[in-house]
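For reference, coords-v3.cif (mmCIF, C-alpha atoms):
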data_coords
loop_
_atom_site.label_atom_id
_atom_site.label_comp_id
_atom_site.auth_asym_id
_atom_site.auth_seq_id
_atom_site.Cartn_x
_atom_site.Cartn_y
_atom_site.Cartn_z
CA MET A 24 -0.40 69.77 58.91
CA LYS A 25 1.80 66.70 58.94
CA ILE A 26 2.87 65.70 55.44
CA LYS A 27 2.38 61.99 54.73
CA ASN A 28 1.44 61.67 51.06
CA ILE A 29 3.03 63.37 48.05
CA LEU A 30 1.85 63.20 44.45
CA VAL A 31 4.42 63.95 41.74
CA SER A 32 2.86 64.77 38.36
CA GLN A 33 5.56 62.89 36.42
CA PRO A 34 6.07 59.33 35.19
CA PRO A 35 7.64 57.02 37.78
CA PRO A 36 11.42 56.68 37.55
CA SER A 37 12.72 53.58 35.79
CA GLY A 38 13.81 50.61 37.85
CA THR A 39 17.49 51.39 37.31
CA GLU A 40 17.11 55.09 38.04
CA LYS A 41 17.89 56.29 41.56
CA SER A 42 15.18 58.80 42.39
CA PRO A 43 15.78 61.58 44.94
CA TYR A 44 12.12 61.13 45.85
CA ALA A 45 12.91 57.57 47.02
CA GLU A 46 15.52 58.96 49.40
CA LEU A 47 13.04 61.57 50.61
CA SER A 48 10.42 58.87 51.15
CA GLU A 49 12.75 56.70 53.23
CA LYS A 50 14.16 59.56 55.27
CA TYR A 51 10.79 61.05 56.24
CA GLN A 52 8.57 57.95 55.98
CA LEU A 53 6.45 59.43 53.20
CA LYS A 54 4.25 57.81 50.60
CA VAL A 55 5.30 59.24 47.21
CA ASP A 56 3.17 58.43 44.18
CA PHE A 57 3.97 59.28 40.55
CA LYS A 58 1.12 59.99 38.14
CA PRO A 59 1.70 61.74 34.79
CA PHE A 60 -0.77 64.63 34.50
CA ILE A 61 0.09 64.94 30.81
CA ARG A 62 1.16 62.60 28.05
CA ILE A 63 3.27 63.25 24.97
CA GLU A 64 1.64 62.72 21.60
CA GLY A 65 3.60 62.87 18.35
CA VAL A 66 2.25 64.77 15.35
CA SER A 67 1.11 62.55 12.50
CA ILE A 68 2.84 62.37 9.13
CA LYS A 69 -0.20 64.10 7.64
CA GLU A 70 0.25 67.02 10.07
CA PHE A 71 3.99 67.14 9.47
CA ARG A 72 3.54 67.37 5.72
CA LEU A 73 1.38 70.47 6.21
CA TYR A 74 4.48 72.29 7.50
CA LYS A 75 6.17 71.72 4.12
CA VAL A 76 9.52 71.21 5.87
CA GLU A 77 12.27 69.36 4.01
CA ILE A 78 14.36 67.59 6.64
CA LEU A 79 17.22 66.83 4.28
CA ALA A 80 17.49 70.51 3.36
CA HIS A 81 19.00 71.01 6.83
CA GLY A 82 22.58 70.30 7.80
CA ALA A 83 21.96 70.35 11.56
CA VAL A 84 19.33 69.65 14.22
CA PHE A 85 18.99 71.60 17.48
CA LEU A 86 17.79 69.27 20.25
CA THR A 87 16.39 70.48 23.58
CA SER A 88 15.26 67.16 25.08
CA LYS A 89 15.39 63.38 24.71
CA THR A 90 11.74 63.54 23.63
CA ALA A 91 12.76 65.83 20.76
CA VAL A 92 15.39 63.25 19.76
CA ASP A 93 12.80 60.45 19.77
CA HIS A 94 10.28 62.35 17.66
CA PHE A 95 12.84 63.65 15.17
CA PHE A 96 13.97 60.12 14.39
CA ARG A 97 10.37 58.83 14.53
CA ILE A 98 9.32 61.26 11.81
CA CYS A 99 12.37 60.36 9.73
CA ASP A 100 11.60 56.67 10.09
CA GLU A 101 7.90 57.06 9.24
CA MET A 102 8.77 59.15 6.18
CA ARG A 103 11.53 56.70 5.22
CA ILE A 104 14.16 59.40 5.38
CA THR A 105 17.73 58.24 5.91
CA VAL A 106 19.50 60.81 8.08
CA PRO A 107 22.93 61.44 6.51
CA ASP A 108 26.07 60.72 8.50
CA ALA A 109 27.13 64.34 7.96
CA MET A 110 24.16 65.69 9.94
CA LYS A 111 25.26 67.81 12.90
CA TYR A 112 23.49 67.80 16.27
CA PHE A 113 23.46 70.73 18.71
CA CYS A 114 22.29 69.55 22.15
CA THR A 115 21.40 71.61 25.21
CA SER A 116 22.90 69.01 27.60
CA GLU A 117 25.41 66.17 27.66
CA SER A 118 22.67 63.66 28.54
CA ILE A 119 20.80 64.54 25.33
CA ALA A 120 24.03 64.19 23.35
CA ASN A 121 24.67 60.75 24.86
CA TYR A 122 21.07 59.73 24.20
CA LEU A 123 21.70 60.14 20.46
CA GLN A 124 23.62 56.85 20.60
CA LYS A 125 20.21 55.16 20.58
CA TYR A 126 19.89 56.24 16.94
CA ILE A 127 23.32 57.05 15.51
CA VAL A 128 26.99 56.22 15.87
CA TYR A 129 28.39 58.80 18.27
CA ARG A 130 31.00 61.00 16.59
CA LYS A 131 32.36 64.02 18.39
CA ARG A 132 32.93 65.94 15.20
CA LYS A 133 29.18 66.18 14.56
CA ILE A 134 27.68 66.27 18.09
CA PHE A 135 27.99 69.45 20.13
CA PHE A 136 26.65 70.12 23.62
CA ALA A 137 26.99 72.52 26.53
CA ALA A 138 25.35 72.98 29.92
CA LYS A 139 24.51 76.61 29.18
CA LEU A 140 22.79 77.98 26.09
CA ASP A 141 25.35 80.77 25.67
CA GLU A 142 28.16 78.22 25.61
CA LEU A 143 26.35 76.09 23.03
CA LEU A 144 25.74 79.13 20.82
CA ALA A 145 29.45 79.93 21.02
CA LEU A 146 30.26 76.39 19.80
CA MET A 147 27.81 76.89 16.94
CA GLN A 148 29.58 79.99 15.65
CA LYS A 149 31.82 77.85 13.43
CA HIS A 150 28.69 76.45 11.78
CA LYS A 151 26.84 79.72 11.31
CA GLU A 152 25.97 78.95 7.69
CA GLU A 153 24.24 75.66 8.47
CA LYS A 154 20.48 75.48 8.07
CA ILE A 155 19.20 74.21 11.41
CA LEU A 156 16.02 72.24 12.14
CA LEU A 157 14.53 72.97 15.57
CA PRO A 158 12.03 70.29 16.74
CA LEU A 159 9.57 71.76 19.25
CA SER A 160 6.70 70.71 21.46
CA ASP A 161 3.31 72.35 21.70
CA PRO A 162 3.36 74.25 23.97
CA HIS A 163 7.06 75.14 24.25
CA LYS A 164 9.20 77.71 25.99
CA PRO A 165 9.97 80.62 23.65
CA GLU A 166 13.47 81.43 24.97
CA ILE A 167 15.50 79.13 22.71
CA PRO A 168 13.72 79.99 19.42
CA ARG A 169 14.03 83.69 20.29
CA MET A 170 17.73 83.36 21.09
CA LEU A 171 18.46 81.54 17.83
CA ASP A 172 16.55 84.21 15.90
CA ARG A 173 18.39 86.98 17.74
CA LYS A 174 21.72 85.41 16.81
CA LYS A 175 20.49 85.19 13.20
CA TYR A 176 20.88 81.44 12.80
CA LYS A 177 19.05 79.94 9.81
CA THR A 178 16.49 78.05 11.86
CA THR A 179 13.36 76.17 10.80
CA LYS A 180 10.98 75.65 13.71
CA VAL A 181 8.69 72.63 13.55
CA VAL A 182 6.31 71.13 16.12
CA LEU A 183 6.86 67.35 16.27
CA TYR A 184 5.01 66.50 19.49
CA ARG A 185 2.55 68.01 21.93
CA SER A 186 1.57 67.76 25.59
CA VAL A 187 -1.95 66.38 26.05
CA VAL A 188 -3.95 66.35 29.28
CA SER A 189 -4.19 62.85 30.82
CA ASP A 190 -7.38 61.26 32.09
CA LEU A 191 -7.07 61.19 35.90
CA SER A 192 -10.61 60.02 36.70
CA ASP A 193 -9.21 56.94 38.46
CA MET A 194 -7.56 58.91 41.27
CA LYS A 195 -8.65 60.90 44.31
CA ILE A 196 -6.70 64.17 44.47
CA SER A 197 -7.75 64.86 48.08
CA ASP A 198 -5.72 61.85 49.27
CA TYR A 199 -2.52 63.87 48.93
CA ASP A 200 -0.96 66.49 51.20
CA VAL A 201 1.45 67.83 48.54
CA LEU A 202 0.94 68.11 44.77
CA VAL A 203 4.15 68.60 42.77
CA TYR A 204 4.02 70.20 39.30
CA TYR A 205 6.74 70.73 36.69
CA SER A 206 4.93 72.43 33.80
CA PRO A 207 2.03 74.81 33.07
CA THR A 208 0.23 72.02 31.18
CA GLU A 209 0.17 69.95 34.36
CA ILE A 210 -1.60 72.81 36.14
CA LYS A 211 -4.09 72.87 33.25
CA SER A 212 -4.57 69.12 33.71
CA LEU A 213 -5.33 69.57 37.42
CA LEU A 214 -8.06 72.12 36.67
CA GLN A 215 -9.51 70.14 33.77
CA ASN A 216 -9.61 66.82 35.62
CA PHE A 217 -10.76 68.28 38.93
CA PRO A 218 -12.89 71.37 38.15
CA ASP A 219 -14.20 71.45 41.73
CA PHE A 220 -10.74 71.27 43.29
CA GLU A 221 -10.41 73.38 46.43
CA GLN A 222 -6.86 73.73 47.70
CA GLY A 223 -7.56 74.16 51.39
CA GLU A 224 -4.59 72.72 53.32
CA THR A 225 -3.19 70.91 50.27
CA LEU A 226 0.30 72.19 49.48
CA ILE A 227 1.20 73.08 45.90
CA ALA A 228 4.84 72.72 44.81
CA CYS A 229 5.90 74.27 41.50
CA PHE A 230 9.12 73.89 39.52
CA GLY A 231 10.10 76.72 37.20
CA PRO A 232 8.76 80.24 36.61
CA ALA A 233 6.31 79.18 33.89
CA THR A 234 4.69 76.65 36.23
CA VAL A 235 4.55 79.23 39.02
CA LYS A 236 2.89 81.71 36.65
CA ALA A 237 0.26 79.15 35.58
CA ALA A 238 -0.51 78.26 39.20
CA LYS A 239 -0.92 81.92 40.15
CA GLU A 240 -3.21 82.52 37.18
CA ALA A 241 -5.29 79.58 38.41
CA ASN A 242 -5.53 81.27 41.83
CA LEU A 243 -3.60 78.48 43.52
CA ARG A 244 -1.47 79.12 46.59
CA ILE A 245 2.15 78.17 45.95
CA ASP A 246 3.69 76.72 49.12
CA ILE A 247 6.92 75.24 47.76
CA GLN A 248 8.94 76.59 44.84
CA ALA A 249 12.10 75.61 42.97
CA PRO A 250 14.63 76.10 41.55
CA SER A 251 16.31 78.83 43.54
CA ALA A 252 19.81 79.66 44.69
CA GLN A 253 19.05 77.91 47.97
CA PHE A 254 17.08 74.98 46.53
CA PRO A 255 18.18 74.05 42.97
CA SER A 256 16.03 70.90 43.00
CA MET A 257 12.41 70.27 43.92
CA THR A 258 13.27 67.56 46.43
CA MET A 259 15.59 69.97 48.26
CA ALA A 260 12.78 72.54 48.48
CA ILE A 261 10.34 69.90 49.74
CA GLU A 262 12.85 68.63 52.31
CA HIS A 263 13.31 72.18 53.63
CA HIS A 264 9.55 72.39 54.11
CA LEU A 265 9.50 68.98 55.83
CA LYS A 266 12.20 70.05 58.27
CA ASN A 267 10.09 73.03 59.22
CA ASP A 268 6.82 71.13 59.23
CA PRO A 269 5.09 71.38 62.62
CA VAL A 270 4.87 68.15 64.58
CA GLU A 271 1.49 66.48 64.29
CA GLU A 272 -0.59 66.84 67.44
CA GLN A 273 -1.19 63.65 69.38
#
I need this file expressed as structure tokens, please.
Amino acid sequence: MKIKNILVSQPPPSGTEKSPYAELSEKYQLKVDFKPFIRIEGVSIKEFRLYKVEILAHGAVFLTSKTAVDHFFRICDEMRITVPDAMKYFCTSESIANYLQKYIVYRKRKIFFAAKLDELLALMQKHKEEKILLPLSDPHKPEIPRMLDRKKYKTTKVVLYRSVVSDLSDMKISDYDVLVYYSPTEIKSLLQNFPDFEQGETLIACFGPATVKAAKEANLRIDIQAPSAQFPSMTMAIEHHLKNDPVEEQ
């Protein structure tokens, strides 16, 4: 089967963002569409109050994504909480740390980040006595909460946003040769929106072990998978498949 159309279950990249999918599209003359299979919905103030969490009782926040940053400050704003200048921020990447500038004045003495979780936990050792707020999504990966518990950090876990299945009734899934998924909830969205979906020759591409697991549980055939030592990105894995794609018969 000659691949011509790819559907990526993510929001389209911003106008200023250089997407590797754009390069893939130009190089192989592909039509690449972006359609979010899920949307993010913040918990309401009423829901948040049910947790009985006092934000100002914490001296630090552990942030795993830019979405977590947005919803932490959203909740603070809606509850009219002024985040103190002394608040510390532990971020799982430099891009998250830089994103904080949207809300606060960037000061190195209170913002800590590392590319690897082990390295970040090592930086946190000097602040072991801090009470840490951990904003989470529903669902969320359990690895980080488990690691913080294992290291005996004083952590308060709180769900501030959730992934909700999008309405995809305006699209025809059979128009695409490759469907690209990045989370288990996106697989759930596929099945919920298209209960009669039959994979046939459609290729399924999955990013991350949790997405792969969800696809297998849904009895889907996984044709392209990332990350791996050979293909750290999804576009690299797709390009490898394209290079080995049989030539379309004339």
task = Can you pull out every residue within 12 Å of Lys175 (chain A), counting all atoms listed in the file, but drop anything in the same chain fewer than 3 positions away, and send it as a PyMOL selection string?
result = chain A and resi 144+147-148+151-155+168-172+178-179
Using only C-alpha atoms, please write the residues we just selected to a file, as a JSON list (two decimals), keeping the file's coordinate frame.
[["chain", "number", "residue", "atom", "x", "y", "z"],
["A", 144, "LEU", "CA", 25.74, 79.13, 20.82],
["A", 147, "MET", "CA", 27.81, 76.89, 16.94],
["A", 148, "GLN", "CA", 29.58, 79.99, 15.65],
["A", 151, "LYS", "CA", 26.84, 79.72, 11.31],
["A", 152, "GLU", "CA", 25.97, 78.95, 7.69],
["A", 153, "GLU", "CA", 24.24, 75.66, 8.47],
["A", 154, "LYS", "CA", 20.48, 75.48, 8.07],
["A", 155, "ILE", "CA", 19.20, 74.21, 11.41],
["A", 168, "PRO", "CA", 13.72, 79.99, 19.42],
["A", 169, "ARG", "CA", 14.03, 83.69, 20.29],
["A", 170, "MET", "CA", 17.73, 83.36, 21.09],
["A", 171, "LEU", "CA", 18.46, 81.54, 17.83],
["A", 172, "ASP", "CA", 16.55, 84.21, 15.90],
["A", 178, "THR", "CA", 16.49, 78.05, 11.86],
["A", 179, "THR", "CA", 13.36, 76.17, 10.80]]
Contacts of region 119-128 of chain A at 9 Å (only C-alpha atoms; same-chain gap of 6+ positions) as a compact mmCIF listing (two decimals) with C-alpha atoms, keeping the file's coordinate frame:
# COMPACT_ATOMS: atom_id res chain seq x y z
CA LEU A 86 17.79 69.27 20.25
CA THR A 87 16.39 70.48 23.58
CA SER A 88 15.26 67.16 25.08
CA LYS A 89 15.39 63.38 24.71
CA VAL A 92 15.39 63.25 19.76
CA ASP A 93 12.80 60.45 19.77
CA PHE A 96 13.97 60.12 14.39
CA ASP A 108 26.07 60.72 8.50
CA TYR A 112 23.49 67.80 16.27
CA PHE A 113 23.46 70.73 18.71
CA ILE A 134 27.68 66.27 18.09
CA PHE A 135 27.99 69.45 20.13
CA PHE A 136 26.65 70.12 23.62
message = I'd like to see the residues matched by the PyMOL selection byres ((chain A and resi 189) around 12) on this file, and ideally I'd get them as a VMD selection string.
response = chain A and resid 32 to 34 58 to 64 186 to 188 190 to 194 208 to 217
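If you look at CA of Ile98 (chain A) and CA of Lys69 (chain A), they are 10.8 Å away from each other.
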What lies within 6 Å of Cys229 (chain A) using all atoms listed in the file, ignoring chain neighbours under 6 positions off, as a PDB file with C-alpha atoms, in the frame of the given file?
ATOM      1  CA  TYR A 204       4.020  70.200  39.300  1.00  0.00           C
ATOM      2  CA  VAL A 235       4.550  79.230  39.020  1.00  0.00           C
ATOM      3  CA  GLN A 248       8.940  76.590  44.840  1.00  0.00           C
TER       4      GLN A 248
END
Using the chain letters and numbers from the file, give me the residues hit by the PyMOL selection byres ((chain A and resi 139) around 12), as a PDB file with C-alpha atoms, in the coordinates of the input.
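Output below, filename selection-v3.pdb:
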ATOM      1  CA  THR A  87      16.390  70.480  23.580  1.00  0.00           C
ATOM      2  CA  CYS A 114      22.290  69.550  22.150  1.00  0.00           C
ATOM      3  CA  THR A 115      21.400  71.610  25.210  1.00  0.00           C
ATOM      4  CA  SER A 116      22.900  69.010  27.600  1.00  0.00           C
ATOM      5  CA  GLU A 117      25.410  66.170  27.660  1.00  0.00           C
ATOM      6  CA  PHE A 136      26.650  70.120  23.620  1.00  0.00           C
ATOM      7  CA  ALA A 137      26.990  72.520  26.530  1.00  0.00           C
ATOM      8  CA  ALA A 138      25.350  72.980  29.920  1.00  0.00           C
ATOM      9  CA  LEU A 140      22.790  77.980  26.090  1.00  0.00           C
ATOM     10  CA  ASP A 141      25.350  80.770  25.670  1.00  0.00           C
ATOM     11  CA  GLU A 142      28.160  78.220  25.610  1.00  0.00           C
ATOM     12  CA  LEU A 143      26.350  76.090  23.030  1.00  0.00           C
ATOM     13  CA  LEU A 144      25.740  79.130  20.820  1.00  0.00           C
ATOM     14  CA  ALA A 145      29.450  79.930  21.020  1.00  0.00           C
ATOM     15  CA  LEU A 146      30.260  76.390  19.800  1.00  0.00           C
ATOM     16  CA  ILE A 167      15.500  79.130  22.710  1.00  0.00           C
TER      17      ILE A 167
END
Residues returned when the PyMOL selection byres ((chain A and resi 43) around 12) runs on this file, as JSON, numbers by chain = {"A": [35, 36, 40, 41, 42, 44, 45, 46, 47, 48, 49, 50, 55, 256, 257, 258, 259, 260, 261, 262]}
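If you look at CA of Phe220 (chain A) and CA of Ser197 (chain A), they are 8.5 Å away from each other.
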request  = For CA of Ala83 (chain A) and CA of Ala233 (chain A), quote the distance in Å rounded to one decimal.
outcome  = 28.7 Å
